[in-house]
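Have a look at work.cif below; it lists mmCIF, C-alpha atoms.
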```cif
data_coords
#
loop_
_atom_site.group_PDB
_atom_site.id
_atom_site.type_symbol
_atom_site.label_atom_id
_atom_site.label_comp_id
_atom_site.auth_asym_id
_atom_site.auth_seq_id
_atom_site.Cartn_x
_atom_site.Cartn_y
_atom_site.Cartn_z
ATOM 1 C CA LEU B 1 172.935 137.122 82.511
ATOM 2 C CA LEU B 2 172.181 137.401 78.846
ATOM 3 C CA GLU B 3 172.327 141.004 77.579
ATOM 4 C CA LEU B 4 171.680 142.386 74.135
ATOM 5 C CA ARG B 5 173.073 145.716 72.968
ATOM 6 C CA SER B 6 171.510 147.778 70.179
ATOM 7 C CA ARG B 7 173.622 149.422 67.531
ATOM 8 C CA ARG B 8 173.735 152.582 69.694
ATOM 9 C CA GLY B 9 174.926 150.646 72.699
ATOM 10 C CA THR B 10 171.709 150.724 74.666
ATOM 11 C CA VAL B 11 171.538 147.772 77.051
ATOM 12 C CA PHE B 12 168.362 145.744 77.142
ATOM 13 C CA GLY B 13 167.482 144.116 80.436
ATOM 14 C CA PRO B 14 167.686 140.340 80.773
ATOM 15 C CA GLY B 15 163.946 139.914 80.066
ATOM 16 C CA LEU B 16 163.927 141.787 76.755
ATOM 17 C CA ALA B 17 167.283 140.295 75.814
ATOM 18 C CA ALA B 18 165.885 136.832 76.249
ATOM 19 C CA ALA B 19 162.789 137.772 74.273
ATOM 20 C CA ALA B 20 164.897 139.224 71.475
ATOM 21 C CA SER B 21 167.074 136.161 71.369
ATOM 22 C CA VAL B 22 163.954 134.082 70.765
ATOM 23 C CA ALA B 23 162.507 136.545 68.277
ATOM 24 C CA GLY B 24 165.604 136.840 66.061
ATOM 25 C CA PRO B 25 166.382 139.940 63.932
ATOM 26 C CA CYS B 26 163.992 142.859 64.149
ATOM 27 C CA ALA B 27 161.199 142.679 61.576
ATOM 28 C CA THR B 28 161.654 146.313 60.534
ATOM 29 C CA GLY B 29 165.278 145.839 59.486
ATOM 30 C CA PRO B 30 168.682 147.098 60.650
ATOM 31 C CA GLY B 31 167.477 150.683 61.047
ATOM 32 C CA CYS B 32 165.568 149.931 64.237
ATOM 33 C CA ASN B 33 167.990 150.725 67.048
ATOM 34 C CA ALA B 34 166.072 152.421 69.837
ATOM 35 C CA SER B 35 165.319 150.196 72.779
ATOM 36 C CA ARG B 36 161.828 151.621 73.307
ATOM 37 C CA ARG B 37 160.830 151.008 69.699
ATOM 38 C CA HIS B 38 161.865 147.379 69.975
ATOM 39 C CA LEU B 39 158.578 146.749 71.802
ATOM 40 C CA ARG B 40 156.782 147.898 68.639
ATOM 41 C CA CYS B 41 159.101 146.744 65.907
ATOM 42 C CA GLY B 42 157.019 143.979 64.452
ATOM 43 C CA PRO B 43 155.284 140.743 65.277
ATOM 44 C CA ARG B 44 158.447 138.670 65.554
ATOM 45 C CA LEU B 45 159.699 140.443 68.656
ATOM 46 C CA ARG B 46 156.262 140.678 70.166
ATOM 47 C CA HIS B 47 155.890 136.974 69.463
ATOM 48 C CA GLY B 48 159.215 136.390 71.206
ATOM 49 C CA ILE B 49 158.074 138.303 74.319
ATOM 50 C CA ARG B 50 154.893 136.299 74.450
ATOM 51 C CA SER B 51 156.837 133.109 74.131
ATOM 52 C CA MET B 52 158.496 133.743 77.483
ATOM 53 C CA ALA B 53 155.086 133.401 79.163
ATOM 54 C CA ASP B 54 153.545 130.852 76.839
ATOM 55 C CA GLY B 55 156.428 128.405 76.591
ATOM 56 C CA PRO B 56 158.808 127.458 73.775
ATOM 57 C CA SER B 57 157.891 128.554 70.245
ATOM 58 C CA GLY B 58 154.942 130.607 71.475
ATOM 59 C CA THR B 59 152.875 127.543 72.266
ATOM 60 C CA GLU B 60 150.262 127.397 74.995
ATOM 61 C CA PRO B 61 151.479 126.422 78.461
ATOM 62 C CA SER B 62 151.977 122.702 78.623
ATOM 63 C CA ALA B 63 149.416 120.624 80.493
ATOM 64 C CA ALA B 64 150.184 119.612 84.050
ATOM 65 C CA PRO B 65 152.031 116.296 84.252
ATOM 66 C CA ALA B 66 149.864 113.238 84.739
ATOM 67 C CA GLU B 67 151.530 112.673 88.100
ATOM 68 C CA ALA B 68 150.213 116.032 89.302
ATOM 69 C CA VAL B 69 146.683 115.346 88.079
ATOM 70 C CA ALA B 70 146.454 111.788 89.437
ATOM 71 C CA PRO B 71 146.352 112.673 93.173
ATOM 72 C CA ALA B 72 143.464 115.079 92.599
ATOM 73 C CA THR B 73 141.590 112.431 90.624
ATOM 74 C CA GLU B 74 142.186 109.828 93.300
ATOM 75 C CA ALA B 75 141.077 112.250 95.997
ATOM 76 C CA SER B 76 137.852 113.058 94.154
ATOM 77 C CA SER B 77 137.169 109.342 93.632
ATOM 78 C CA ALA B 78 137.725 108.658 97.315
ATOM 79 C CA ALA B 79 135.386 111.506 98.242
ATOM 80 C CA ALA B 80 132.709 110.177 95.888
ATOM 81 C CA ALA B 81 133.043 106.676 97.353
ATOM 82 C CA HIS B 82 132.780 108.110 100.876
ATOM 83 C CA ASP B 83 129.625 110.012 99.919
ATOM 84 C CA ALA B 84 128.129 106.862 98.377
ATOM 85 C CA ALA B 85 128.861 104.901 101.570
ATOM 86 C CA ALA B 86 127.259 107.598 103.722
ATOM 87 C CA SER B 87 124.196 107.630 101.467
ATOM 88 C CA ALA B 88 123.962 103.832 101.709
ATOM 89 C CA LEU B 89 124.033 104.019 105.499
ATOM 90 C CA GLY B 90 121.108 106.433 105.469
ATOM 91 C CA LYS B 91 119.045 104.353 103.050
ATOM 92 C CA ALA B 92 119.753 101.146 104.974
ATOM 93 C CA ALA B 93 118.725 102.782 108.250
ATOM 94 C CA ALA B 94 115.418 103.907 106.715
ATOM 95 C CA LEU B 95 114.736 100.415 105.339
ATOM 96 C CA ARG B 96 115.518 98.825 108.710
ATOM 97 C CA ALA B 97 113.131 101.237 110.425
ATOM 98 C CA GLU B 98 110.350 100.159 108.056
ATOM 99 C CA GLY B 99 111.276 96.536 108.677
ATOM 100 C CA ASN B 100 111.161 97.042 112.436
ATOM 101 C CA SER B 101 107.613 98.418 112.236
ATOM 102 C CA LEU B 102 106.538 95.442 110.145
ATOM 103 C CA PHE B 103 108.322 93.075 112.539
ATOM 104 C CA GLN B 104 106.428 94.486 115.523
ATOM 105 C CA ARG B 105 103.140 94.181 113.674
ATOM 106 C CA GLY B 106 104.053 90.599 112.797
ATOM 107 C CA LEU B 107 104.595 89.804 116.469
ATOM 108 C CA GLN B 108 101.338 91.498 117.384
ATOM 109 C CA PHE B 109 99.350 89.379 114.942
ATOM 110 C CA ALA B 110 101.539 86.306 115.182
ATOM 111 C CA LYS B 111 98.549 83.921 115.146
ATOM 112 C CA HIS B 112 96.983 85.462 112.078
ATOM 113 C CA THR B 113 97.857 85.579 108.384
ATOM 114 C CA LEU B 114 98.399 89.309 108.744
ATOM 115 C CA GLY B 115 101.195 88.608 111.203
ATOM 116 C CA ARG B 116 102.985 86.187 108.901
ATOM 117 C CA ASN B 117 102.632 88.513 105.921
ATOM 118 C CA SER B 118 103.993 91.408 107.979
ATOM 119 C CA MET B 119 106.980 89.295 108.992
ATOM 120 C CA ILE B 120 107.656 88.376 105.361
ATOM 121 C CA GLU B 121 107.502 92.061 104.431
ATOM 122 C CA ALA B 122 109.901 92.837 107.283
ATOM 123 C CA CYS B 123 112.346 90.275 105.879
ATOM 124 C CA SER B 124 112.098 91.979 102.485
ATOM 125 C CA LYS B 125 112.949 95.365 104.006
ATOM 126 C CA TYR B 126 115.911 93.928 105.889
ATOM 127 C CA ALA B 127 117.116 92.157 102.742
ATOM 128 C CA LEU B 128 116.925 95.435 100.780
ATOM 129 C CA ALA B 129 118.873 97.198 103.525
ATOM 130 C CA LEU B 130 121.557 94.510 103.373
ATOM 131 C CA GLU B 131 121.735 94.716 99.580
ATOM 132 C CA THR B 132 122.109 98.498 99.767
ATOM 133 C CA LEU B 133 125.053 98.166 102.142
ATOM 134 C CA GLN B 134 126.723 95.425 100.128
ATOM 135 C CA LEU B 135 126.423 97.318 96.839
ATOM 136 C CA ALA B 136 128.024 100.365 98.424
ATOM 137 C CA LEU B 137 130.900 98.179 99.623
ATOM 138 C CA GLU B 138 131.681 97.262 96.011
ATOM 139 C CA ASP B 139 132.454 100.926 95.291
ATOM 140 C CA ALA B 140 134.062 101.672 98.659
ATOM 141 C CA PRO B 141 135.564 98.463 100.137
ATOM 142 C CA ALA B 142 137.379 100.461 102.818
ATOM 143 C CA ALA B 143 134.001 101.416 104.316
ATOM 144 C CA ARG B 144 133.764 97.915 105.793
ATOM 145 C CA ASP B 145 136.418 98.920 108.333
ATOM 146 C CA GLN B 146 134.396 101.918 109.518
ATOM 147 C CA PRO B 147 132.696 101.220 112.878
ATOM 148 C CA GLU B 148 129.347 102.681 111.808
ATOM 149 C CA TYR B 149 129.335 100.566 108.662
ATOM 150 C CA ARG B 150 130.179 97.367 110.521
ATOM 151 C CA GLU B 151 127.465 98.155 113.056
ATOM 152 C CA ALA B 152 124.922 98.675 110.267
ATOM 153 C CA LEU B 153 125.822 95.341 108.673
ATOM 154 C CA LEU B 154 125.713 93.541 112.025
ATOM 155 C CA THR B 155 122.314 94.986 112.931
ATOM 156 C CA THR B 156 120.847 94.103 109.536
ATOM 157 C CA TYR B 157 122.053 90.491 109.725
ATOM 158 C CA LEU B 158 120.612 90.157 113.232
ATOM 159 C CA ASN B 159 117.278 91.632 112.134
ATOM 160 C CA LEU B 160 117.087 89.209 109.215
ATOM 161 C CA ALA B 161 117.810 86.302 111.534
ATOM 162 C CA ALA B 162 115.147 87.417 114.014
ATOM 163 C CA ALA B 163 112.490 87.772 111.305
ATOM 164 C CA GLY B 164 113.529 84.496 109.737
ATOM 165 C CA LEU B 165 113.056 82.670 113.011
ATOM 166 C CA GLN B 166 109.425 83.828 113.087
ATOM 167 C CA ILE B 167 108.769 82.517 109.580
ATOM 168 C CA GLU B 168 110.827 79.373 109.109
ATOM 169 C CA PRO B 169 113.954 78.604 111.160
ATOM 170 C CA GLY B 170 116.585 76.988 108.982
ATOM 171 C CA GLU B 171 119.714 77.428 106.908
ATOM 172 C CA SER B 172 119.013 81.024 105.918
ATOM 173 C CA VAL B 173 118.784 82.075 109.568
ATOM 174 C CA ILE B 174 122.002 80.209 110.376
ATOM 175 C CA ASN B 175 123.767 81.941 107.477
ATOM 176 C CA CYS B 176 122.678 85.360 108.736
ATOM 177 C CA CYS B 177 123.939 84.529 112.216
ATOM 178 C CA ASN B 178 127.258 83.283 110.839
ATOM 179 C CA ALA B 179 127.702 86.518 108.886
ATOM 180 C CA ALA B 180 126.953 88.510 112.037
ATOM 181 C CA LEU B 181 129.491 86.462 113.996
ATOM 182 C CA GLU B 182 132.162 87.238 111.403
ATOM 183 C CA LEU B 183 131.682 90.886 112.294
ATOM 184 C CA ASP B 184 131.355 90.248 116.046
ATOM 185 C CA PRO B 185 132.494 86.740 117.089
ATOM 186 C CA ASN B 186 131.017 87.022 120.599
ATOM 187 C CA ASN B 187 127.685 88.559 119.703
ATOM 188 C CA ALA B 188 125.129 87.030 122.093
ATOM 189 C CA LYS B 189 122.102 87.609 119.838
ATOM 190 C CA ALA B 190 123.745 85.902 116.875
ATOM 191 C CA LEU B 191 124.806 82.918 118.994
ATOM 192 C CA PHE B 192 121.333 82.592 120.553
ATOM 193 C CA ARG B 193 119.436 82.859 117.258
ATOM 194 C CA ARG B 194 121.762 80.427 115.518
ATOM 195 C CA GLY B 195 121.166 77.969 118.360
ATOM 196 C CA LYS B 196 117.391 78.311 117.998
ATOM 197 C CA ALA B 197 117.642 77.793 114.233
ATOM 198 C CA ARG B 198 119.615 74.606 114.767
ATOM 199 C CA ALA B 199 117.276 73.213 117.439
#
```

Take the structure in the file and write it out as structure tokens.
Amino acid sequence: LLELRSRRGTVFGPGLAAAASVAGPCATGPGCNASRRHLRCGPRLRHGIRSMADGPSGTEPSAAPAEAVAPATEASSAAAAHDAAASALGKAAALRAEGNSLFQRGLQFAKHTLGRNSMIEACSKYALALETLQLALEDAPAARDQPEYREALLTTYLNLAAAGLQIEPGESVINCCNAALELDPNNAKALFRRGKARA
């Protein structure tokens, strides 16, 4: 332990001794010997005491190392991506619900122009839902492995295929079915609708 003795032999504790060793000679000169007055003997010693808390040379505490900050930043980014994915799921579900209503109206008026227009509008809603999910995946790719996210993608592809069959069976319907089968290789609806599109 570092100790500093005054001219009268008074022993300073390790804390004040360390502070004095940083501060250097007392600012008031060699006549200052009393240990209690050393706390008031000029800015150099007071500066030295502060330096024990503030860091070397009285500077402000050094910033946390980048390694310590990085995990917090990564965690906040992951949380933001998770929130964005959850928001996308909600928006996609709302768009699919609108599409389902339009799809039912399209079936109801299948022999009229109103029915075809409703089916086209349903396709637009399903396409917007799919775009919403895909954009969210760009920010949070790991969301694709979440069961609820995969289910949302699968349902949207199947809805698009079903609406497409009512308008014009063809390559676009087959592509939707293929995308659904990538998510669920044995999905009966995707296999059936792809078969109808190919017929």

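Proximity of B:Glu138, B:Arg198, B:Glu98, B:Pro147 to Gly170 in chain B, computed with only C-alpha atoms, is greatest for B:Arg198.
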
Discussion item. Rounded to one decimal, what separation in Å do you get between CA of Leu107 in chain B and CA of Leu165 in chain B?
Written reply: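 About the pair CA of Leu107 in chain B and CA of Leu165 in chain B: they are 11.6 Å apart.
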
Worksheet item: Nearest to Gln104 in chain B among B:Arg150, B:Asn159, B:Gln134, B:Leu191, with distances taken over only C-alpha atoms: which residue is it?
Response: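 The shortest atom-to-atom distance to Gln104 in chain B comes from B:Asn159.
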
Discussion item. Starting from the PyMOL selection byres ((chain B and resi 112-119) around 10), expand the selection into actual residues of this file and give them as a PyMOL selection string.
Written reply: chain B and resi 99-111+120-125+162-167

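Note that the spacing between CA of Tyr157 in chain B and CA of Ala85 in chain B amounts to 17.9 Å.
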
Fill in: Resolved residues for the PyMOL selection byres ((chain B and resi 90) around 12) as a ChimeraX atom specification
/B:83-89,91-97,129,132-133,136,148-149,152

Worksheet entry | the PyMOL selection byres ((chain B and resi 194) around 12) applied to the shown file, residues as a PyMOL selection string | chain B and resi 157-158+160-162+164-165+169-181+187-193+195-199

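When CA of Ala127 in chain B is paired with CA of Asn186 in chain B, their separation reads 23.2 Å.
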
Around range 131-143 of chain B, fit a box with edges along x, y and z, padding it by 4 Å on each side, then list its centre and edge lengths in Å to one decimal as JSON.
```
{"center_x": 129.6, "center_y": 98.2, "center_z": 99.8, "size_x": 23.6, "size_y": 15.0, "size_z": 17.0}
```
